[in-house]
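The block underneath contains the structure these notes are about, expressed in structure tokens.
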Amino acid sequence: MQAGTETLHVDPDIIRYCVDIAHATRRHSAIEVGVSPRGAQALLLLARSYAVIDSRDYVLPEDVKAVAVAALSHRITLTPTAWAAGIDPQVLVRELLNSVPAPATTHAAAPAASVS
């Protein structure tokens, strides 16, 4: 089952979206250490799994959003000022999800096999 999830086709725009979200964590002023490339990969894998659980063979931006807080909030380190102010990492991830534009892609089929 896990191998099948990892081979599920994902539109390149969805992959870019995961990377953009991770990158946004590294630019946020309240975050000292943002999400690493491995964190972006984990986000994508969880989004794939969410799509499979939802009986789909493709990933939607909504899948990424549905798992992002759980996948990323523990992967960021707040600045001392943000930590002292009691800022919740989950709130920051939600904020970033609202600021990073989601792709317009709703469904992209796996690439067709080339015909010779």
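Residue names in the structure tokens use chain letters A, B, ... in the order shown, residue numbers from 1 in each chain, and ligand numbers from 1 in the order shown.
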DSSP helix (DSSP H, G or I) residues within chain A, as JSON, numbers by chain: {"A": [2, 3, 4, 5, 6, 12, 13, 14, 15, 16, 17, 18, 19, 20, 21, 22, 23, 24, 25, 26, 27, 37, 38, 39, 40, 41, 42, 43, 44, 45, 46, 47, 48, 49, 50, 51, 52, 53, 61, 62, 63, 64, 65, 66, 67, 68, 69, 70, 71, 72, 73, 74, 75, 80, 81, 82, 83, 84, 89, 90, 91, 92, 93, 94, 95, 96, 97, 98, 99]}
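Using only C-alpha atoms for every distance, the candidate list A:Arg56, A:Arg48, A:Arg94, A:Lys65 yields A:Arg48 as the residue closest to Val10 of chain A.
Restricting the calculation to only C-alpha atoms, the smallest distance between Ala104 of chain A and any of A:Pro80, A:Pro37, A:Pro12, A:Gly4 is found for A:Pro12.
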So, counting only C-alpha atoms, which residue among A:Ala85, A:Val91, A:Ala47, A:Ile15 is closest to Val67 of chain A?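 That would be A:Ala47, the residue with the smallest distance to Val67 of chain A.
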